[in-house]
Structure formats: structure tokens, C-alpha cells
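Student: Just one file: final-v1.txt, with compact mmCIF, C-alpha atoms.
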```
# COMPACT_ATOMS: atom_id res chain seq x y z
CA MET A 1 82.84 104.17 126.71
CA THR A 2 84.31 107.71 126.64
CA THR A 3 80.99 109.20 127.70
CA GLY A 4 80.71 106.64 130.50
CA TRP A 5 84.20 107.42 131.70
CA HIS A 6 83.50 111.15 131.76
CA ARG A 7 80.31 110.47 133.68
CA HIS A 8 82.24 108.27 136.10
CA LEU A 9 84.77 111.06 136.74
CA LEU A 10 81.96 113.54 137.19
CA ASP A 11 80.25 111.25 139.71
CA LEU A 12 83.50 110.81 141.61
CA PHE A 13 84.04 114.60 141.66
CA LEU A 14 80.51 115.21 142.91
CA ILE A 15 80.93 112.59 145.67
CA LEU A 16 84.19 114.08 146.88
CA PHE A 17 82.87 117.67 146.55
CA GLY A 18 79.73 116.85 148.53
CA ALA A 19 81.71 114.95 151.19
CA GLY A 20 84.18 117.84 151.47
CA ALA A 21 81.42 120.43 151.84
CA LEU A 22 79.70 118.33 154.49
CA GLY A 23 82.98 117.79 156.31
CA LEU A 24 83.65 121.52 156.41
CA LEU A 25 80.23 122.11 157.90
CA VAL A 26 80.73 119.61 160.70
CA GLY A 27 84.44 120.29 161.08
CA GLU A 28 85.54 116.75 160.05
CA LEU A 29 86.85 117.19 156.50
CA ALA A 30 89.31 114.29 156.62
CA TRP A 31 86.75 111.80 157.93
CA ALA A 32 84.21 112.92 155.41
CA LEU A 33 86.66 112.33 152.52
CA VAL A 34 87.68 108.92 153.95
CA LEU A 35 84.03 107.87 154.21
CA ALA A 36 83.37 109.07 150.67
CA MET A 37 86.33 107.13 149.28
CA GLY A 38 85.33 104.08 151.30
CA PHE A 39 81.82 104.29 149.83
CA TYR A 40 83.32 104.54 146.35
CA ILE A 41 85.62 101.56 146.89
CA VAL A 42 82.83 99.39 148.33
CA ARG A 43 80.56 100.25 145.39
CA SER A 44 83.35 99.39 142.92
CA LEU A 45 83.94 96.07 144.67
CA LEU A 46 80.22 95.27 144.47
CA GLN A 47 80.28 96.06 140.73
CA LEU A 48 83.32 93.81 140.29
CA ARG A 49 81.45 91.04 142.09
CA ARG A 50 78.45 91.51 139.78
CA LEU A 51 80.78 91.46 136.76
CA HIS A 52 82.50 88.29 137.99
CA HIS A 53 79.17 86.55 138.61
CA TRP A 54 77.89 87.50 135.17
CA LEU A 55 81.08 86.35 133.40
CA THR A 56 81.23 83.02 135.24
CA HIS A 57 77.57 82.30 134.37
CA LEU A 58 77.88 83.57 130.81
CA SER A 59 75.47 82.14 128.27
CA SER A 60 73.86 83.28 125.05
CA HIS A 61 70.66 84.19 126.99
CA SER A 62 72.16 85.99 130.02
CA ASP A 63 71.61 89.76 130.13
CA PRO A 64 74.31 92.02 131.56
CA PRO A 65 73.82 93.86 134.88
CA GLU A 66 72.40 97.36 134.59
CA ASP A 67 74.28 100.37 135.86
CA ARG A 68 75.21 103.90 134.93
CA GLY A 69 78.57 105.49 134.26
CA VAL A 70 81.70 103.58 133.42
CA TRP A 71 80.33 100.30 134.75
CA GLY A 72 77.26 100.49 132.56
CA SER A 73 79.42 101.23 129.50
CA LEU A 74 81.68 98.32 130.43
CA TYR A 75 78.69 95.97 130.73
CA ASP A 76 77.34 97.13 127.38
CA ALA A 77 80.69 96.67 125.62
CA LEU A 78 81.17 93.19 127.05
CA TYR A 79 77.60 92.28 126.14
CA THR A 80 78.24 93.36 122.54
CA LEU A 81 81.41 91.24 122.42
CA GLN A 82 79.47 88.37 123.95
CA LYS A 83 76.84 88.50 121.21
CA ARG A 84 79.52 88.55 118.52
CA HIS A 85 81.27 85.61 120.15
CA PHE A 86 78.12 83.49 120.33
CA ARG A 87 77.18 84.34 116.75
CA SER A 88 80.64 83.25 115.59
CA GLN A 89 80.43 80.17 117.77
CA ASP A 90 77.01 79.22 116.38
CA LYS A 91 78.25 79.76 112.84
CA LEU A 92 81.34 77.64 113.46
CA GLN A 93 79.33 74.89 115.15
CA THR A 94 76.90 74.86 112.24
CA MET A 95 79.81 74.46 109.86
CA ILE A 96 81.33 71.67 111.98
CA ASN A 97 77.99 69.87 112.15
CA ARG A 98 77.62 70.14 108.39
CA VAL A 99 81.12 68.78 107.80
CA GLN A 100 80.47 65.89 110.19
CA GLU A 101 77.11 65.12 108.59
CA SER A 102 78.61 65.15 105.11
CA THR A 103 81.55 63.02 106.28
CA ASN A 104 79.19 60.53 107.88
CA SER A 105 77.53 60.09 104.50
CA LEU A 106 80.81 58.90 102.94
CA ARG A 107 81.34 55.21 102.28
CA ASP A 108 85.02 55.64 103.15
CA GLY A 109 86.06 55.88 106.77
CA VAL A 110 87.55 59.10 108.16
CA VAL A 111 89.47 59.16 111.46
CA MET A 112 91.12 62.12 113.23
CA THR A 113 93.87 61.64 115.82
CA ASN A 114 96.41 63.88 117.48
CA ALA A 115 100.17 63.49 117.10
CA ARG A 116 100.27 60.71 119.71
CA GLY A 117 97.55 58.74 117.95
CA THR A 118 94.76 59.57 120.41
CA LEU A 119 91.36 59.16 118.76
CA GLU A 120 89.47 62.45 118.54
CA TRP A 121 86.72 61.79 115.99
CA TRP A 122 85.63 59.31 113.33
CA ASN A 123 82.66 58.85 111.03
CA GLN A 124 80.16 56.01 110.81
CA ALA A 125 82.03 54.21 108.01
CA ALA A 126 85.12 54.01 110.24
CA GLU A 127 83.00 52.41 112.96
CA TYR A 128 81.98 49.69 110.49
CA LEU A 129 85.39 49.17 108.83
CA LEU A 130 87.59 49.39 111.96
CA GLY A 131 85.14 48.49 114.74
CA PHE A 132 85.43 51.72 116.75
CA ARG A 133 82.70 52.27 119.37
CA ARG A 134 81.14 55.68 119.84
CA GLY A 135 81.26 56.92 123.43
CA LYS A 136 83.78 54.31 124.53
CA ASP A 137 86.87 54.58 122.33
CA GLU A 138 87.30 58.37 122.40
CA GLY A 139 90.71 59.14 123.85
CA GLU A 140 92.10 55.68 123.09
CA ILE A 141 95.37 55.25 121.19
CA ILE A 142 94.49 54.08 117.68
CA TYR A 143 97.12 51.33 117.44
CA ASN A 144 95.72 49.81 120.65
CA LEU A 145 92.54 49.21 118.65
CA VAL A 146 94.12 48.47 115.25
CA ARG A 147 96.57 45.92 116.60
CA THR A 148 98.56 45.23 113.46
CA PRO A 149 102.36 45.61 113.58
CA GLU A 150 102.38 46.94 110.01
CA PHE A 151 99.96 49.72 110.96
CA ARG A 152 101.99 50.73 114.04
CA GLN A 153 105.13 50.93 111.93
CA TYR A 154 103.28 52.82 109.18
CA PHE A 155 101.85 55.29 111.71
CA ASP A 156 105.19 56.00 113.41
CA ASN A 157 107.41 56.17 110.32
CA LYS A 158 105.55 59.21 108.92
CA ASP A 159 106.17 58.04 105.35
CA TYR A 160 102.68 58.23 103.92
CA SER A 161 103.54 58.37 100.23
CA GLN A 162 101.88 54.97 99.75
CA PRO A 163 98.72 53.58 101.42
CA LEU A 164 98.75 50.57 103.72
CA GLU A 165 96.54 47.56 103.14
CA ILE A 166 95.52 45.37 106.09
CA ARG A 167 92.65 43.19 107.23
CA SER A 168 89.91 44.89 109.22
CA PRO A 169 90.52 44.44 112.98
CA SER A 170 86.80 43.90 113.60
CA ARG A 171 85.76 42.06 110.40
CA GLY A 172 88.49 39.73 109.24
CA TYR A 173 86.82 39.08 105.90
CA LEU A 174 87.29 42.73 104.87
CA MET A 175 90.46 44.19 103.36
CA VAL A 176 90.91 47.89 104.06
CA GLU A 177 93.33 50.45 102.65
CA LEU A 178 94.51 53.20 104.99
CA GLN A 179 96.04 56.49 103.89
CA ILE A 180 97.36 58.95 106.50
CA ASN A 181 97.70 62.69 105.97
CA LEU A 182 99.46 65.06 108.37
CA PHE A 183 97.87 68.38 109.36
CA GLY A 184 98.22 70.91 112.16
CA GLU A 185 100.94 70.00 114.66
CA GLU A 186 101.51 66.50 113.22
CA ASP A 187 97.89 65.52 113.80
CA ARG A 188 96.62 62.71 111.57
CA LEU A 189 93.69 62.47 109.20
CA ILE A 190 93.23 58.81 108.25
CA THR A 191 91.04 57.70 105.35
CA VAL A 192 89.90 54.07 105.25
CA LYS A 193 88.68 52.39 102.05
CA ASN A 194 87.06 48.99 101.65
CA VAL A 195 89.09 47.26 98.92
CA THR A 196 87.73 43.75 99.52
CA ARG A 197 85.88 43.58 96.20
CA LEU A 198 88.89 44.86 94.30
CA ARG A 199 91.17 42.25 95.87
CA GLN A 200 88.64 39.50 95.16
CA LEU A 201 88.53 40.56 91.51
CA GLU A 202 92.32 40.57 91.35
CA GLN A 203 92.43 37.08 92.85
CA MET A 204 89.79 35.88 90.37
CA ARG A 205 91.85 37.33 87.54
CA ARG A 206 94.99 35.61 88.77
CA ASP A 207 93.20 32.29 89.19
CA PHE A 208 91.65 32.62 85.74
CA VAL A 209 94.98 33.39 84.06
CA SER A 210 96.72 30.57 85.92
CA ASN A 211 94.01 27.99 85.20
CA VAL A 212 93.60 28.95 81.55
CA SER A 213 97.36 28.92 81.03
CA HIS A 214 97.63 25.44 82.53
CA GLU A 215 94.70 24.16 80.46
CA MET A 216 96.13 25.65 77.24
CA ARG A 217 99.56 24.11 77.74
CA THR A 218 98.43 20.52 77.07
CA PRO A 219 96.60 21.07 73.74
CA LEU A 220 99.34 23.46 72.60
CA THR A 221 101.96 20.79 73.31
CA VAL A 222 99.98 18.35 71.15
CA ILE A 223 99.67 20.89 68.35
CA SER A 224 103.39 21.70 68.50
CA GLY A 225 104.22 17.99 68.37
CA TYR A 226 102.16 17.42 65.25
CA LEU A 227 103.67 20.54 63.65
CA GLU A 228 107.17 19.19 64.30
CA THR A 229 106.14 15.87 62.76
CA LEU A 230 104.80 17.63 59.69
CA ASN A 231 107.95 19.73 59.53
CA ASP A 232 110.06 16.54 59.34
CA HIS A 233 108.18 15.68 56.14
CA ALA A 234 107.98 19.25 54.81
CA ASP A 235 109.80 18.24 51.61
CA ASP A 236 106.80 16.12 50.64
CA LEU A 237 104.39 19.07 50.99
CA PRO A 238 103.54 21.70 48.38
CA PRO A 239 105.38 25.05 48.77
CA LEU A 240 102.22 26.81 49.94
CA PHE A 241 101.76 24.26 52.73
CA ARG A 242 105.42 24.53 53.76
CA LYS A 243 105.03 28.31 54.18
CA SER A 244 101.86 27.83 56.24
CA LEU A 245 103.61 25.21 58.35
CA ILE A 246 106.46 27.62 59.16
CA THR A 247 103.97 30.34 60.13
CA MET A 248 102.03 27.94 62.39
CA GLN A 249 105.22 26.83 64.11
CA GLN A 250 106.22 30.43 64.76
CA GLN A 251 102.82 31.25 66.25
CA ALA A 252 102.83 28.07 68.34
CA GLN A 253 106.24 28.99 69.75
CA ARG A 254 104.95 32.47 70.49
CA MET A 255 101.95 31.02 72.35
CA GLU A 256 104.23 28.70 74.32
CA ALA A 257 106.36 31.67 75.35
CA LEU A 258 103.24 33.62 76.33
CA ILE A 259 101.88 30.76 78.43
CA SER A 260 105.25 30.27 80.14
CA ASP A 261 105.41 33.97 80.99
CA LEU A 262 101.81 33.96 82.24
CA LEU A 263 102.49 30.98 84.51
CA LEU A 264 105.67 32.58 85.83
CA LEU A 265 103.91 35.88 86.46
CA SER A 266 101.06 34.06 88.19
CA ARG A 267 103.54 32.32 90.52
CA LEU A 268 105.25 35.63 91.26
CA GLU A 269 101.98 37.38 92.05
CA THR A 270 100.83 34.66 94.43
CA SER A 271 104.20 34.25 96.14
CA ASP A 272 103.26 36.88 98.79
CA ARG A 273 106.70 38.50 98.54
CA THR A 274 108.51 35.41 99.75
CA THR A 275 111.64 33.95 98.18
CA ARG A 276 113.75 30.96 99.03
CA ASP A 277 116.71 32.47 100.83
CA THR A 278 119.63 31.00 98.93
CA GLU A 279 122.91 32.56 97.87
CA CYS A 280 122.83 33.32 94.14
CA ASP A 281 125.94 33.64 92.01
CA VAL A 282 124.96 36.75 90.06
CA ALA A 283 128.23 36.97 88.15
CA GLN A 284 127.92 33.44 86.78
CA ALA A 285 124.28 34.02 85.84
CA LEU A 286 125.17 37.21 83.98
CA LYS A 287 127.96 35.43 82.08
CA THR A 288 125.46 32.81 80.92
CA ILE A 289 122.92 35.48 79.96
CA HIS A 290 125.65 37.37 78.11
CA ARG A 291 126.44 34.29 75.97
CA ASP A 292 122.75 33.75 75.27
CA ALA A 293 122.37 37.40 74.28
CA ILE A 294 125.21 37.04 71.76
CA ALA A 295 123.49 33.96 70.34
CA LEU A 296 120.18 35.85 70.19
CA SER A 297 121.83 38.70 68.32
CA GLY A 298 123.10 36.29 65.71
CA GLU A 299 123.93 38.04 62.47
CA ARG A 300 122.58 41.42 63.59
CA GLY A 301 126.06 42.45 64.68
CA HIS A 302 125.33 43.92 68.13
CA ARG A 303 128.25 44.88 70.34
CA ILE A 304 127.27 43.32 73.68
CA THR A 305 129.59 44.01 76.62
CA LEU A 306 129.50 42.66 80.19
CA ARG A 307 131.20 44.48 83.08
CA ILE A 308 131.26 42.80 86.47
CA GLU A 309 132.98 44.98 89.07
CA ASP A 310 132.04 42.91 92.11
CA GLU A 311 131.36 39.18 92.28
CA ARG A 312 129.67 39.08 95.66
CA TRP A 313 126.49 37.03 95.59
CA LEU A 314 122.91 38.05 96.38
CA VAL A 315 120.39 36.44 98.70
CA GLY A 316 117.32 35.47 96.72
CA GLU A 317 115.79 32.94 94.38
CA ASP A 318 118.15 32.10 91.56
CA SER A 319 115.48 31.24 88.97
CA GLN A 320 113.61 34.49 89.56
CA LEU A 321 116.74 36.63 89.34
CA ARG A 322 117.86 34.89 86.15
CA SER A 323 114.42 35.47 84.64
CA ALA A 324 114.46 39.17 85.50
CA PHE A 325 118.02 39.76 84.29
CA SER A 326 117.52 37.83 81.07
CA ASN A 327 114.31 39.73 80.30
CA LEU A 328 116.13 43.05 80.58
CA VAL A 329 119.11 41.93 78.49
CA PHE A 330 117.10 40.16 75.80
CA ASN A 331 114.73 43.12 75.51
CA ALA A 332 117.73 45.36 74.96
CA VAL A 333 118.95 43.09 72.15
CA LYS A 334 115.52 42.81 70.53
CA TYR A 335 114.80 46.54 70.50
CA THR A 336 118.29 47.68 69.47
CA PRO A 337 118.86 48.12 65.72
CA ASP A 338 121.51 46.07 63.93
CA GLN A 339 125.11 47.03 64.76
CA GLY A 340 123.87 48.73 67.98
CA THR A 341 125.38 48.41 71.45
CA VAL A 342 124.16 46.74 74.64
CA ASP A 343 126.10 47.23 77.88
CA ILE A 344 125.53 45.04 80.97
CA HIS A 345 127.08 46.50 84.12
CA TYR A 346 126.98 44.94 87.62
CA TYR A 347 128.51 46.72 90.61
CA VAL A 348 128.15 47.12 94.39
CA ASN A 349 128.42 50.24 96.53
CA GLU A 350 127.28 51.45 99.96
CA ARG A 351 123.69 51.71 98.73
CA GLY A 352 123.50 48.09 97.59
CA ALA A 353 123.98 46.00 94.44
CA HIS A 354 123.07 47.33 91.01
CA LEU A 355 122.56 45.82 87.57
CA VAL A 356 122.43 48.39 84.77
CA VAL A 357 121.48 47.44 81.19
CA THR A 358 122.06 50.21 78.65
CA ASP A 359 121.28 50.00 74.94
CA SER A 360 121.32 52.25 71.89
CA GLY A 361 117.88 51.12 70.82
CA ILE A 362 114.63 52.77 69.81
CA GLY A 363 113.94 54.28 73.25
CA ILE A 364 110.64 54.92 74.98
CA GLU A 365 108.46 58.03 75.00
CA ALA A 366 108.37 59.75 78.41
CA GLU A 367 104.59 59.38 78.71
CA HIS A 368 104.84 55.59 78.41
CA ILE A 369 107.54 55.02 81.06
CA PRO A 370 105.16 55.02 84.11
CA ARG A 371 103.10 52.23 82.48
CA ILE A 372 105.87 50.27 80.78
CA THR A 373 105.92 47.59 83.52
CA GLU A 374 102.18 46.86 83.23
CA ARG A 375 101.31 43.49 81.78
CA PHE A 376 100.57 43.54 78.03
CA PHE A 377 101.27 47.27 77.82
CA ARG A 378 102.76 48.13 74.43
CA ALA A 379 104.21 51.57 73.77
CA ASP A 380 104.32 50.73 70.05
CA PRO A 381 102.41 47.51 69.15
CA SER A 382 103.95 47.35 65.66
CA ARG A 383 107.44 47.01 67.13
CA HIS A 384 106.32 44.22 69.44
CA ASN A 385 104.88 42.32 66.50
CA LYS A 386 108.29 42.43 64.82
CA THR A 387 110.16 41.26 67.91
CA GLY A 388 107.62 38.64 68.97
CA GLY A 389 107.46 39.91 72.54
CA THR A 390 104.71 38.78 74.91
CA GLY A 391 104.34 42.13 76.69
CA LEU A 392 104.99 40.45 80.05
CA GLY A 393 108.77 40.72 80.40
CA LEU A 394 108.94 43.98 82.35
CA ALA A 395 105.94 42.97 84.48
CA ILE A 396 107.92 39.88 85.48
CA VAL A 397 110.97 42.04 86.23
CA LYS A 398 108.89 44.33 88.45
CA HIS A 399 107.44 41.45 90.48
CA VAL A 400 110.81 39.69 90.85
CA LEU A 401 112.42 42.87 92.16
CA TYR A 402 109.47 43.45 94.51
CA ASN A 403 109.95 39.95 95.92
CA HIS A 404 113.63 40.78 96.53
CA ASP A 405 113.03 44.20 98.17
CA ALA A 406 114.54 45.85 95.09
CA HIS A 407 113.25 48.39 92.60
CA LEU A 408 113.59 49.26 88.92
CA THR A 409 114.51 52.64 87.44
CA ILE A 410 114.09 53.51 83.76
CA ASP A 411 115.78 56.30 81.83
CA SER A 412 115.04 56.50 78.13
CA THR A 413 115.16 58.91 75.22
CA PRO A 414 113.35 58.13 71.94
CA ASP A 415 115.76 57.06 69.17
CA SER A 416 118.72 57.38 71.57
CA GLY A 417 118.43 54.28 73.74
CA SER A 418 117.32 53.22 77.20
CA THR A 419 118.83 52.38 80.59
CA PHE A 420 117.14 49.87 82.89
CA ALA A 421 118.66 49.58 86.38
CA CYS A 422 117.88 47.06 89.15
CA HIS A 423 118.77 48.27 92.65
CA PHE A 424 119.05 45.74 95.49
CA PRO A 425 119.36 46.80 99.17
CA PRO A 426 122.65 46.22 101.05
CA ASP A 427 121.15 43.50 103.25
CA ARG A 428 120.70 41.32 100.14
CA ILE A 429 124.45 41.22 99.51
CA VAL A 430 126.38 38.17 100.74
CA HIS A 431 129.38 39.74 102.47
CA ASN A 432 131.10 36.53 103.55
CA THR A 433 131.58 35.13 100.08
CA ALA A 434 135.05 34.16 98.93
CA ALA A 435 134.59 36.14 95.71
CA GLU A 436 136.78 39.19 95.46
CA VAL A 437 136.34 42.41 93.57
CA GLN A 438 138.04 42.04 90.21
CA PRO A 439 138.95 44.76 87.70
CA TRP A 440 136.81 44.54 84.60
CA ARG A 441 138.24 42.74 81.60
CA PRO A 442 136.44 41.77 78.35
CA LEU A 443 135.22 38.20 78.41
CA PRO A 444 136.42 35.76 75.78
CA GLY A 445 134.40 36.21 72.63
CA GLN A 446 132.90 39.49 73.89
CA ARG A 447 132.31 42.05 71.24
```
What would you get if you wrote out this structure as C-alpha cells?
Tutor:
Amino acid sequence: MTTGWHRHLLDLFLILFGAGALGLLVGELAWALVLAMGFYIVRSLLQLRRLHHWLTHLSSHSDPPEDRGVWGSLYDALYTLQKRHFRSQDKLQTMINRVQESTNSLRDGVVMTNARGTLEWWNQAAEYLLGFRRGKDEGEIIYNLVRTPEFRQYFDNKDYSQPLEIRSPSRGYLMVELQINLFGEEDRLITVKNVTRLRQLEQMRRDFVSNVSHEMRTPLTVISGYLETLNDHADDLPPLFRKSLITMQQQAQRMEALISDLLLLSRLETSDRTTRDTECDVAQALKTIHRDAIALSGERGHRITLRIEDERWLVGEDSQLRSAFSNLVFNAVKYTPDQGTVDIHYYVNERGAHLVVTDSGIGIEAEHIPRITERFFRADPSRHNKTGGTGLGLAIVKHVLYNHDAHLTIDSTPDSGSTFACHFPPDRIVHNTAAEVQPWRPLPGQR
């Protein structure tokens, strides 16, 4: 470019020098210089026109105009930049094509939208799972095509910590799971999974557990009845038979408890997060559970305290809430060593209603806490064998709280005790109840 610029200045000097010499010869120096500058300006304008035409018709196969001097150097420099640009563009397009081809091979759907939800691109699996049409739905708002109120709320709330499960808008027999990820300037990358088979297997499992539990209840009732009859005449049996009879009765009772828990859990799982909206007297329920916990402790000498700081009721299903609360309290009694403490604390604040059960029991290892609410999960099977637990209590608690828009928190330290807390939202509190906040006082017989 420097050489071209020098040549351009030299050409301009030669033009002006020649025009000046000619003007001196004919006695019209001024007109000669004006004509020379006019020629130079016209030529520059023609070069600009050529440059404009070349740039507006730019393609990877167009050659630059040919010229000498500064214009030739400018054409060459722009041509070099053009080649670099097209090479980069080809490389980027190749990469994009490869990404799209690989994405199209996925069984999961992938959808890209902008911040407003305008569809920009999707793969073939998304066409099948969501019913999008290539060449027709580009530029459409996604929730105009996925017309589910839950999806619109999920899309707008920007809380994508958990996926959303809905029915396919184009194939109602399919269940799909959508997970949204933000990128760029709040653009969305949506992944769509077909979870129909998984949900069918879950439903089969629920039906199997429910049916088997119902079928087992009848023969187990017969067996328990005969065992009770034999127990009435245990004095007539040999000592070895009496010991066997006691063991059979204990195992039959354990099976009855397991079947009852399985049936309850099956009802909770199939309730579709619906509860009968009644006003539940939580304070009275906790007083009853407190008395039962003292009876369960028996001669083990636990110190079981109940603190009720607010007697306002909760909206929910009384039987479910009693089941959840009793599971937490009875577990605390079972897994707390003799002479240990169990504290039951119910209070209400601006964040909602809270039931906190704290014990000085054996505690739970940190690695087991995320799975402790799974059905039949046992952090230490030997301890469950001693307590006779079914392994379903905390699973029942989790589902009851889910049905009541509540959640469970667990804080535990091995050999130092555990704290299980149920947190209910403010809209579950009955604010027009006649119950008043009372200062805590020990209940009669409380120890």
C-alpha cells in the first residue's frame, strides 16, 4: 500500500507538472491546472464507482478491478481481506452444518429461541416430539405452538432448576420432559426428552405394588387371625412352639405395617397432587401424636417435649398430615437411644408454618441424606431390623408434603442427632381461625 501511495503521489505530481508546463506554453496556466485537477477528480470518481460496484456484487468468485497506483493497491488489499473472510465464513458454515447434522442425529429434541420465544432452529426429533413444521413455523412464538399454560409459566419465570413434564402438543400419547437453558442475551436452548416409556413403567410399578398389597392383605388377615387364636391357647403349647408363635406374630404385624404403608404410598402417588381442602387442627393432632410417642417410648425413658407457638390451622387433608407428622415423630423415638430427647416444635412466621422434630439419636451420614426419602432406602439396614421399620416412612412424608405444596429439610450429624423440618407456604395457613397464639407451656404428663 505504501508503494502504491507513493506511485499515486508521483502520478499526481507528473499530471500537474505536465499541465503546468503546457499551460505556460499556451499562456493559460490556471486553466491547464483546473483541467488537470478535473481530470484527476473524474478518474477518482470512476474508480470509486468501480469499487462500489465490486463491493455490492461481492462473491467468493468475483475478481477485483485492475488498476495501478493507490487504487490498485486498495483493490488488492480488499481482495485479500475478501478471501480471508470467505475462508472464515466457509469454515464457520462447515462447523454449523456439522453441529446441525450431529444434533439431528439425537433422539432428544433441541430447540433454539430468542429471548421473546421466537423459534430460530430445531432438530428433527423436536419436529416429531413437538410437531413443529420446517419452513412454516420459523419465526413463530414457541408458546403459540406449545399451548400449555404450565409451559408458558415455566418459560417466563426463568427458573429452570427443574425440568417440566407435559404431554406432547402434537401426539397426546407421548409424555415429554423439557429443560430450558439460558445463553447469550437470554436466548433459550430447549432440550426435549421422550419420557413416555419411563412414565409407563412407573405406572406399572405403582399398579403392581397397589394390586399385590391389596391381594396380600386378605391372606395375611387370615394368618394373623389364626395366630391370635393359637396365642390364646399358648399355655397348652410346648415352650419351643410358644417362642415360634411370638416370632410369627411379630413378623405378621411387620407385614401388616408394610402393606398399610405401601397402600398409603400408592394412594399418595396416584393422587395427582390433590388434597381435600379442609381446615386441619394441627395443634390437636400434634398433642395426640405426642401422647402416642410417649406410649411408644415406654420404659426407654425418652424426654419428649411438644412446643406449639401458634394454633392456627392448615388447609389440607387431615389424615395425610397426621401420617406425615407421626412418621417423623415416631422415627425420632425409634432411632433415639434410651434416655435421649425428642423435641416437637410447631410455629408460624411470615414464610409459612413449620414443624420441626429434633432428636438426639444416631444421626445420618451426609452421603445418605439426599436419598433418605427414597422408598426402602436404608442408611444402616441393621438398625432398621432392630426398630422394625418398613423403610417407607420418609417416602410417605415426602409425598404428603408435595401434595400440600410443602417441602422437607434434613439436618443431621452422625451420633449427635437429626432435625427434620416441614415447611408449609403461607397460603396454607387458616388466618380466620379463632385460635390465638399462646405462650408455650409443658403439657400435662410431658417429660
Student: What lies within 12 Å of segment 124-133 of chain A using all atoms listed in the file, ignoring chain neighbours under 2 positions off, as a PyMOL selection string?
Tutor: chain A and resi 100-112+119-122+135-148+166-178+190-196
Student: Given all atoms listed in the file as the basis, pick out the residue of A:Arg375, A:Leu265, A:Ile289, A:Arg116 nearest to Arg152 of chain A.
Tutor: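 Of all the options, A:Arg116 lies closest to Arg152 of chain A.
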Student: Need to verify the contact set: Gly340 of chain A, 9 Å, all atoms listed in the file, exclusion of same-chain residues closer than 2 positions in sequence. Can you return it as an MDAnalysis selection string?
Tutor: chainID A and resid 300:304 333 336:338 342 359:361
Student: Work out how far atom CA of Leu245 of chain A is from atom CA of Val212 of chain A, in Å to one decimal.
Tutor: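 Distance reported for this atom pair: 25.5 Å.
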Student: Please indicate the distance in Å from atom CA of Ile246 of chain A to atom CA of Asn231 of chain A, rounded to one decimal place.
Tutor: 8.0 Å
